[in-house]
Amino acid sequence: MEEIRTFFVVGHTAKAEDAIAALNFAKENNCIVDLKWYGPAHGYYGNDEYIARIFKTDTPDIAINKLPKIYGL
């Protein structure tokens, strides 16, 4: 079993640097990171929480590719 740590991005949608920071934290602390954030339409269309599960074994490219390229309305 591994511990899952949750981090929430505040003020913007998750970006590549957020995914890299989550990956570095996962590697340094031997855990899994659930990176969460609100989509760009939050407040208009209800609960639009997104999540990317980052594993310590992910590469930077894999971690970044877990982020959505587009958001639905």
# chains A, B, ... in the order shown; residues from 1 in each chain; ligands from 1
>>> residues_around(residues="Lys69 (chain A)", least_positions_apart="5", cutoff="12 Å", atoms="only C-alpha atoms", output="list in words")
Thr13, Ala14, Lys15, Ala16, Gly39 and Ile64 of chain A
>>> residues_around(residues="Ala41 (chain A)", least_positions_apart="6", cutoff="10 Å", atoms="only C-alpha atoms", output="list in words")
Asn47, Asp48, Tyr71, Gly72 and Leu73 of chain A
>>> write_last_selection(atoms="C-alpha atoms", output="compact mmCIF listing (two decimals), in the first residue's frame")
# COMPACT_ATOMS: atom_id res chain seq x y z
CA ASN A 47 -18.97 21.31 -9.50
CA ASP A 48 -16.31 20.87 -12.15
CA TYR A 71 -12.28 21.63 -20.94
CA GLY A 72 -15.93 20.99 -21.66
CA LEU A 73 -18.71 23.34 -20.66
>>> select_by_dssp(residues="chain A", states="alpha helix (DSSP H)", output="PyMOL selection string")
chain A and resi 16-29+60-65
>>> residues_around(residues="Pro60 (chain A)", least_positions_apart="5", cutoff="9 Å", atoms="only C-alpha atoms", output="NGL selection string")
:A and (16 or 19-20 or 23 or 65)
>>> select_by_dssp(residues="chain A", states="strand (DSSP E or B)", output="NGL selection string")
:A and (4-8 or 32-38 or 49-54)
>>> closest_residue(among="A:Glu17, A:Pro40, A:Ile70, A:Asp34", to="Phe55 (chain A)", atoms="only C-alpha atoms")
A:Asp34
>>> closest_residue(among="A:Arg5, A:Tyr44, A:His12, A:Lys27", to="Lys56 (chain A)", atoms="only C-alpha atoms")
A:Lys27
>>> atom_distance(atom1="CA of Val33 (chain A)", atom2="CA of Gly46 (chain A)")
24.6 Å
>>> residues_around(residues="Lys66 (chain A)", least_positions_apart="3", cutoff="7 Å", atoms="only C-alpha atoms", output="PyMOL selection string")
chain A and resi 52+62-63
>>> closest_residue(among="A:Ile51, A:Phe8, A:Glu3, A:Leu67", to="Asn30 (chain A)", atoms="only C-alpha atoms")
A:Glu3
>>> atom_distance(atom1="CA of Phe25 (chain A)", atom2="CA of Thr59 (chain A)")
13.0 Å
